[in-house]
Each structure stands twice: as structure tokens, then as C-alpha cells.
Amino acid sequence: MNKSRFPGLVRRALRRAGEKPLYFWPPVFSLAFFLLLYGFFRFSPYGALESFLERPWSTRYYDRRGNLVQILPLEEGLRREYAGPGAMDPKVAAVFLSAEDERFYYHPGIDPLSVLRALFQNIKERRRVSGASTITMQLARIIAARPEEPRSFFTKMGEALNAFRLEARFSKKEILNLYLNSLPFGFQTEGIASAARNFFASEISLLSPAELFCLAVIPRRPAAYNPFTERGACIDAAQKLAARFARGPGAREFPLYAALEAEDWEALNPRRFRYPQHMPHLVRHVNGLLAEFRAGGKNAPPSDYVLSADLELQRFAEDLIGGYIRRHSPSRLDNGAALALDNKTGEVLAWVGSADYYNRKSSGQIDGVLVKNQMGSSMKPFLYALALERGFKPSDVLADIPSAYGGRELYIPQNFNNRFNGPVLFRTALASSLNIPAVDLLDRLGVEEYGRFLFTLGFSLDAEAAENAGLGLALGNAPVKLAEMAAGFSVFPRDGIFLPLRFDRGEEQEYSGDRVMNSDTARLVCSILSDRRARVLGFGRGTNFETPFPAMFKTGTANQYQSIVALGATPRFTVAVWMGNFTGETVVGRTGSSLPAAVVRQLLVRLQGTRREAFLEPQGWVKTPVCALSGMAPSAACPSVIEEYLPPDWAGESCSWHKLRGSSVEVKYPPEYQGWFFSQTREGTINYSASPLEIISPRDNYTFFPSSGPGTQSIPVEVIGGSEDTITVDYDTETFTVSRPFVFFLPYAPGRHSLRVRNGGETAAVYFIAE
């Protein structure tokens with residue numbers, strides 16, 4: 001617009017305005033004034049209201065079936081439950097409006113008629129006998145949070161001003177709902193929902209008319225109208241309110257409330273509510289998550305939280321854990337924990353953190369589901385899954401023989417039964433939980449890679465912790481949580497998909513997760529851990545793994561039985577159980593992992609019911625005959641043949657371990673088994689020339705330390721392979737020969753030493769240190 005024209009436009013506008021009749025301007029100015037006033041009340045800063053609306057509520061926790069689990073108190077034990085507009089019975093509103101503000105729906109926040117009535121009565125009596133506070137003004141006083149401040153003219157004016165601001169911001173129904181949910185009843189109770197519970201052990205909708213009238217008068221003088229100690233005074237005030245209600249508009253809508261008889265008041269029976277304390281560890285954990293959610297600046301969580309857990313199953317699990325702990329307490333078995341999951345959704349169905357939450361002696365408030373423990377062999381399935389991902393097959397042979405790993409610090413694993421089984425198939429090694437094959441697998445795969453794989457499975461195991469654990473990580477010597485074990489184990493029946501634990505009750509649907517392994521890898525692990533025959537070598541034919549439906553199991557012990565663990569799963573459910581103690585003491589006796597295994601089995605039976613789902617078959621693998629000893633394609637000499645999953649294009653070499661010698665079969669073991677073979681009398685021979693010359697012990701850069709025991713110390717040496725039956729040994733400056741088997745000892749002498757062996761045209765050498 002041309003600036004030179006602006007003054008002319010203004011003059012024309014003013015001239016036209018002057019042409020309007022005088023009666024035009026008062027309504028215009030009045031409307032403008034009221035719009036400005038409304039804008040002030042509606043949009044002026046109201047910090048107290050913002051803080052008030054952000055107040056926390058007592059969270060009500062329900063199980064998946066709607067059973068009340070807990071109602072959490074706020075600071076200093078305050079109970080303030082929220083009842084939404086849909087949960088607020090119209091009769092409650094009618095009674096409280098009759099008690100406090102009958103013209104609530106007809107005034108803008110202050111009631112001029114009530115003000116005139118109160119003024120007249122107070123002047124007549126020459127003292128304050130009546131007030132004029134509306135419900136909106138009372139709500140403004142509650143929002144101000146200054147209950148101890150004297151009620152002066154200025155505080156009344158402030159309440160009136162804030163009442164207008166509330167009326168400009170909220171509807172009448174919203175104001176009434178805020179009021180009823182925030183009204184203080186004394187005795188650490190705020191809001192009608194908590195008052196109904198604390199004074200009459202009732203839900204709002206179940207209050208009798210007499211109880212509701214009684215509640216309506218308590219806020220006036222909580223101590224004087226306390227129904228527990230001042231029942232008569234409370235009933236007298238409530239009867240007066242009921243009489244007033246009968247004369248008011250509410251009587252037409254709720255005639256039952258206007259016709260109370262003497263027996264209705266006699267039946268008034270205040271009852272203290274016993275707050276349930278179910279699922280204490282789970283509720284504490286979820287409440288902590290909600291607090292983090294709130295602290296993150298997100299919208300406040302709802303005051304009603306429906307857990308995914310089932311209270312009936314929870315009690316069953318608690319009884320199982322508590323019963324076993326009590327029976328085996330002489331073995332220093334003080335505590336246990338259990339976690340049950342729905343594989344389809346990741347929902348937590350039961351969460352038992354300890355045998356007794358309130359047992360201080362056994363540290364019952366510690367949550368065994370979340371505390372980190374060494375889980376022992378129960379972690380082996382994850383290692384074997386990684387091996388399958390990297391090309392291993394269920395028919396591969398793993399050596400269960402005396403072995404040592406490391407350099408300066410040697411690691412010499414042992415099986416739980418202190419026996420060596422020689423060559424075992426991959427399937428048997430996992431199902432029977434053999435230690436040495438697991439350590440050998442990890443040595444070949446790498447600790448760092450296994451640590452990264454565990455991280456994708458949800459374990460909070462950083463690279464430093466994995467490195468510190470070393471090869472012992474194969475046997476579960478790195479502390480992890482039972483919750484992580486359950487979530488990770490559920491990946492197998494879920495076809496290789498990882499889902500984080502879900503605590504709230506969701507829809508009946510599957511949730512998308514992250515694929516962390518090939519589906520066939522997961523299916524092969526399920527096949528192995530549900531194979532009863534494959535676990536006989538390690539566990540015999542015990543009944544702890546016997547179920548009337550397909551199920552997979554894995555157990556573990558750690559720290560000399562400080563922790564005993566069992567995992568179990570069906571296609572639909574996963575259960576993890578830990579037993580031990582939180583004090584670090586070892587469990588004594590022969591309890592073993594059979595106890596948690598028994599709990600897992602019973603929980604799976606309870607969960608599974610009549611379901612009989614089978615684990616899915618691997619799609620990219622076919623069952624193929626293999627030699628039960630060598631895992632190779634069976635020959636006519638193989639005495640035992642089994643079927644194992646193999647790639648469809650597998651063309652394995654014919655078994656070279658078995659040879660026909662007339663009517664008998666001769667077994668020839670690979671040379672790496674010579675130490676195991678000669679440790680006791682066995683049938684067969686060693687195929688020495690099947691591998692190149694190699695020094696098995698000592699390994700390169702080994703460090704030996706002097707023994708403190710009696711006798712002369714020596715250094716054991718084992719050499720395998722070679723085409724000839726004699727080796728030439730060069731030890732520092734000394735040279736000598738050794739015949740098969742190449743097992744001998746060197747004198748112990750401090751210093752750095754060189755060891756070289758020669759056989760035909762082959763040579764092998766190592767260096768080692770003797771301290």
C-alpha cells in the first residue's frame with residue numbers, strides 16, 4: 001500500500017464511524033470488553049494449574065484378567081486414584097453438588113445468590129456462619145495448594161479470580177471431575193475413588209446411598225466426621241445432607257437416595273481396605289520404567305496399568321519356588337526366581353523375583369530376574385547357534401578330550417562329571433551340555449564375535465566383559481540377567497526373531513521384532529534341545545525333562561552351585577528359573593539343576609494345557625543317514641547309523657573311521673584322540689598318519705609355573721600326526737628320539753625354551769617359558 005494514502009484512509013474510516021448512531025457503541029464496547037476479559041481468563045499464565053495437572057496419580061495395576069494387583073501410594077503414603085468421567089457415577093456428582101454447590105451448572109465460577117445469602121446471614125449473626133465458595137472456587141483453592149493459609153478477603157478474591165480462569169479453560173463436567181478426583185478427605189486420602197476404598201473398602205460404583213452421603217460430608221471436617229472414630233457425628237451430618245438432597249433436584253433423578261430409612265443408616269459399616277501386594281518385583285520394575293517415561297518429558301502414563309502377567313499363574317509359580325526353597329534350605333538354597341513369557345507376543349506372564357519378597361534375612365527384595373548371575377551351561381545354546389550360523393552342521397564331530405587353551409594363563413576346562421567322551425557329534429555335545437566341545441567351539445569362533453552375537457540377542461554384555469570372561473564365556477561365566485536369558489532363549493521357538501519383554505496387556509496379535517539368526521538355525525537348536533536321546537549321555541533318562549508335549553530344555557550351574565538355572569520352552573511359551581542365594585554362598589549337597597528344571601517343567605505343563613504344537617522343521621535341511629561316531633556318510637562297516645539334518649546338496653565323504661576286518665569292525669580314531677585313547681583300555685587304534693605333524697602340548701608361548709607340591713616337576717609333551725612311528729626331538733641343545741605314542745616329559749628348568757620335532761619330511765616347533 002502507498003504510505004501517502006494511509007492518512008486519508010484513516011480519516012475516511014473515522015468519518016464513517018462518526019456517522020453511526022450513539023446506541024451502536026455501548027454493545028460494541030461491551031462485547032469487546034468481555035472478549036478481552038475472556039481472553040485474559042482463558043490465556044493468562046496460570047503456573048499453579050500447570051503443576052496441578054502434572055501431578056502423579058496412584059497407579060492401579062491389574063493382571064491380564066482384570067484382577068487388582070496393586071495400588072501404589074504416592075509420597076508419604078498419599079492415596080490419590082483417578083476416576084475418569086466414564087467411571088464417575090452420576091449419583092456421586094448429584095450428591096456432592098447437593099452438598100457443595102447446587103447451582104454449579106448455572107454460574108460462571110462464583111454464585112452471586114450464594115454470596116448475597118452468606119453476606120445476609122453473616123451480618124445477621126454478626127459472625128461467619130455461612131460461606132459462598134462454589135465447587136470451582138474450592139478447586140481453585142486446592143490447585144493453589146495452600147491449605148494452611150488463613151482465609152482472608154484477599155484469598156477469597158484470588159479464588160474467585162482463579163475460578164473465572166478455570167471456567168474459561170474447562171467445561172463444567174471437566175471441572176467437576178477434577179474436583180471430585182482432587183478433594184482432600186484427610187488421612188492421606190485424596191479423591192472420591194481413594195476415599196471410597198479407604199473408608200468403605202469399595203469401588204465408587206458399589207457405594208450404598210448412606211456411604212455416599214457419609215463420604216460427601218467428610219471433606220468438611222475430616223477428623224470430626226471420621227466414620228471409624230466418629231461414626232455418630234458422621235451419620236448425623238450425612239442425614240442432614242440426605243434431607244437436603246431429598247428437597248433438591250437430584251431427588252427426582254435418583255429417588256432411592258431421597259428415601260433412606262433408619263436401617264440404611266444402621267447398616268453403615270466403615271471398613272478399611274487391605275491393599276493387595278501381588279507381583280511386587282514386577283510392579284516395582286514396571287513402575288520404574290513408567291517413572292523414566294515420565295521423566296523423559298512424555299505424557300504422563302495412565303493411572304490404570306493392565307499387566308500382561310496372570311495373577312493365577314504368578315501364585316502358582318510363587319508356590320513352586322517357595323516350596324522347593326523351603327524343602328532344600330538345609331542346602332543353603334535361600335532364593336529363587338522365575339520368568340514366564342508368551343513367545344508370540346513377548347508378554348511377561350509371570351515374574352517371581354525371589355522366594356519371599358518380605359524375607360529380609362534372605363534379601364527377598366532383591367529381584368532375581370534382574371540381578372546378574374553366572375548362568376553356566378544354560379548359555380551354550382547361543383554359542384551353538386552362532387556356530388550353526390557360521391557353517392557348522394549338527395553332524396560335525398567335536399572333540400571331548402583333555403585340552404588346554406591360552407598362553408601365559410592356561411585355561412583347562414573340565415566336564416561336570418570329570419569324564420572325557422572322545423569324539424561326540426555336535427547335536428550330542430549341546431544336548432548333553434559337554435563343556436570341552438563348547439570351549440573349543442568358542443576358541444574357533446572367537447570371543448569377540450560371540451560377544452557381539454550375544455548383544456544382538458538382548459544381553460547387556462559389553463565387549464570388555466566378554467573379553468574378561470575369555471573362553472570361560474562358553475560356560476557362562478559372565479554375569480547376565482535371568483530376564484535376558486529368557487528373552488534370548490525365546491528366540492529359538494520364535495524362529496530366530498528377537499522381541500523385547502512386553503509388560504502391558506496387548507491385543508491378541510504377533511509383534512514384529514528383529515531377526516537375529518536364520519530361521520533354520522533356530523529350528524535346529526529347537527530340534528537338538530528337544531531330542532531326548534541326544535541328552536542321555538549327559539543327563540541319563542531322568543524325568544525332569546519329560547512332558548506330554550514337545551518341549552526343549554537347557555540347564556546350567558555356576559560358581560560351584562551358587563547359581564543353578566533351567567530354561568524350557570514350547571513353541572508358544574518360554575520359562576526361565578534361577579535358584580541359589582544372593583549372598584554369594586555356594587549351595588551344598590546334590591541339588592544340581594534338577595530343582596529349577598522341575599519348576600520349569602511344571603510351569604510349562606500349566607501353561608501349555610492341552611496344546612500339542614510341535615517345533616517347526618528346518619526348511620533348508622533334510623534328514624540324512626550318517627555314521628553315529630564320525631558323522632560321515634555311513635559305510636558298510638559302520639555299526640550304528642542315525643539320521644541328522646544336513647544340507648540337501650551334502651555329499652559327505654564315506655566314513656573312514658570304521659574298517660571291516662573279516663567279520664569284525666576296526667575303529668581308527670584321528671590322531672588328536674591319542675591322549676584320550678591311551679588314557680584307558682579301549683577297542684580300536686589311532687590313525688596316526690591322518691593328520692600332519694603337530695605339537696598339541698605345550699602350545700606356542702605357553703608359560704609354566706613351578707609347583708609348590710612335593711616331587712620333581714616336569715613339562716608334559718604330546719605330539720600327534722606324522723607318517724613315521726618315530727620322531728626326533730630337539731629340546732634347546734639336546735636331541736633325542738621318541739616312539740609312538742608321542743607322549744613324553746621334559747625336565748623343568750626356568751627360562752625360555754625351544755622345542756622342535758621332526759618326522760619324515762615334516763617339522764613342528766614351539767617356544768615356551770618356565771618361570
# chains A, B, ... in the order shown; residues from 1 in each chain; ligands from 1

$ residues_around --residues "Ala478 of chain A" --least-positions-apart "3" --cutoff "8 Å" --atoms "only C-alpha atoms" --output "ChimeraX atom specification"
/A:373-375,465-466,469,472-473

$ select_by_dssp --residues "segment 278-482 of chain A" --states "strand (DSSP E or B)" --output "number ranges by chain"
A: 304-307, 335-342, 347-352, 372-373, 397-400, 405-406, 410-411, 422-425, 480-481

$ residues_around --residues "Ala160 of chain A" --least-positions-apart "6" --cutoff "12 Å" --atoms "only C-alpha atoms" --output "PyMOL selection string"
chain A and resi 41+108-112+115+132-141+153-154+166-167

$ closest_residue --among "A:Phe489, A:Ala463, A:Val371, A:Ala99" --to "Gln239 of chain A" --atoms "only C-alpha atoms"
A:Ala99

$ residues_around --residues "Val729 of chain A" --least-positions-apart "2" --cutoff "12 Å" --atoms "only C-alpha atoms" --output "JSON, numbers by chain"
{"A": [695, 717, 718, 719, 726, 727, 731, 732, 733, 734, 735, 736, 737, 738, 739, 742, 743, 744, 745, 746, 754, 755, 756, 757, 758, 759, 763, 764, 765, 766]}

$ write_last_selection --atoms "C-alpha atoms" --output "compact mmCIF listing (two decimals), in the first residue's frame"
# COMPACT_ATOMS: atom_id res chain seq x y z
CA ILE A 695 52.65 -80.35 18.87
CA VAL A 717 54.60 -83.02 25.83
CA GLU A 718 52.17 -84.55 23.32
CA VAL A 719 52.74 -84.73 19.57
CA THR A 726 59.47 -92.25 15.48
CA ILE A 727 60.12 -88.54 15.96
CA TYR A 731 64.95 -79.54 23.04
CA ASP A 732 67.17 -76.48 23.35
CA THR A 733 70.61 -78.03 22.69
CA GLU A 734 69.58 -81.62 23.37
CA THR A 735 68.41 -84.12 20.72
CA PHE A 736 66.71 -87.49 21.25
CA THR A 737 64.08 -89.78 19.68
CA VAL A 738 60.61 -90.89 20.87
CA SER A 739 58.43 -93.74 19.56
CA PHE A 742 54.48 -89.38 21.09
CA VAL A 743 53.80 -88.59 24.74
CA PHE A 744 56.78 -87.79 26.99
CA PHE A 745 58.04 -85.36 29.68
CA LEU A 746 60.78 -82.74 29.73
CA SER A 754 62.61 -74.13 22.23
CA LEU A 755 61.05 -77.46 21.25
CA ARG A 756 61.24 -78.85 17.72
CA VAL A 757 60.13 -82.26 16.48
CA ARG A 758 60.87 -83.93 13.13
CA ASN A 759 59.10 -86.83 11.45
CA THR A 763 58.72 -80.35 11.26
CA ALA A 764 56.82 -78.67 14.10
CA ALA A 765 58.19 -76.22 16.67
CA VAL A 766 57.06 -74.17 19.70

$ closest_residue --among "A:Pro741, A:Gly506, A:Pro85, A:Gly323" --to "Phe677 of chain A" --atoms "only C-alpha atoms"
A:Pro741

$ residues_around --residues "segment 204-214 of chain A" --least-positions-apart "4" --cutoff "10 Å" --atoms "only C-alpha atoms" --output "NGL selection string"
:A and (83 or 87-92 or 95-96 or 98-99 or 192-197 or 199-200 or 218-219 or 225-227 or 231 or 233-242 or 245 or 256-261 or 264-270)

$ atom_distance --atom1 "atom CA of Leu215 of chain A" --atom2 "atom CA of Leu74 of chain A"
21.6 Å

$ select_by_dssp --residues "segment 472-632 of chain A" --states "alpha helix (DSSP H)" --output "PyMOL selection string"
chain A and resi 482-489+519-529+536-539+594-608

$ atom_distance --atom1 "atom CA of Ala355 of chain A" --atom2 "atom CA of Gly322 of chain A"
4.9 Å

$ closest_residue --among "A:Leu113, A:Ile715, A:Ala597, A:Leu442" --to "Ser697 of chain A" --atoms "only C-alpha atoms"
A:Ile715

$ residues_around --residues "Phe678 of chain A" --least-positions-apart "3" --cutoff "12 Å" --atoms "only C-alpha atoms" --output "PyMOL selection string"
chain A and resi 401-402+422+669+671-675+681-686+740-743

$ residues_around --residues "segment 311-319 of chain A" --least-positions-apart "4" --cutoff "10 Å" --atoms "only C-alpha atoms" --output "ChimeraX atom specification"
/A:62-69,278-279,307,323-325,336-340,349-356,577,599-600,602-603,606-607

$ atom_distance --atom1 "atom CA of Phe615 of chain A" --atom2 "atom CA of Pro571 of chain A"
5.9 Å

$ closest_residue --among "A:Leu49, A:Gly760, A:Asn343, A:Pro698" --to "Gly722 of chain A" --atoms "only C-alpha atoms"
A:Gly760

$ closest_residue --among "A:Ala291, A:Ala558, A:Ala94, A:Leu31" --to "Arg244 of chain A" --atoms "only C-alpha atoms"
A:Ala94
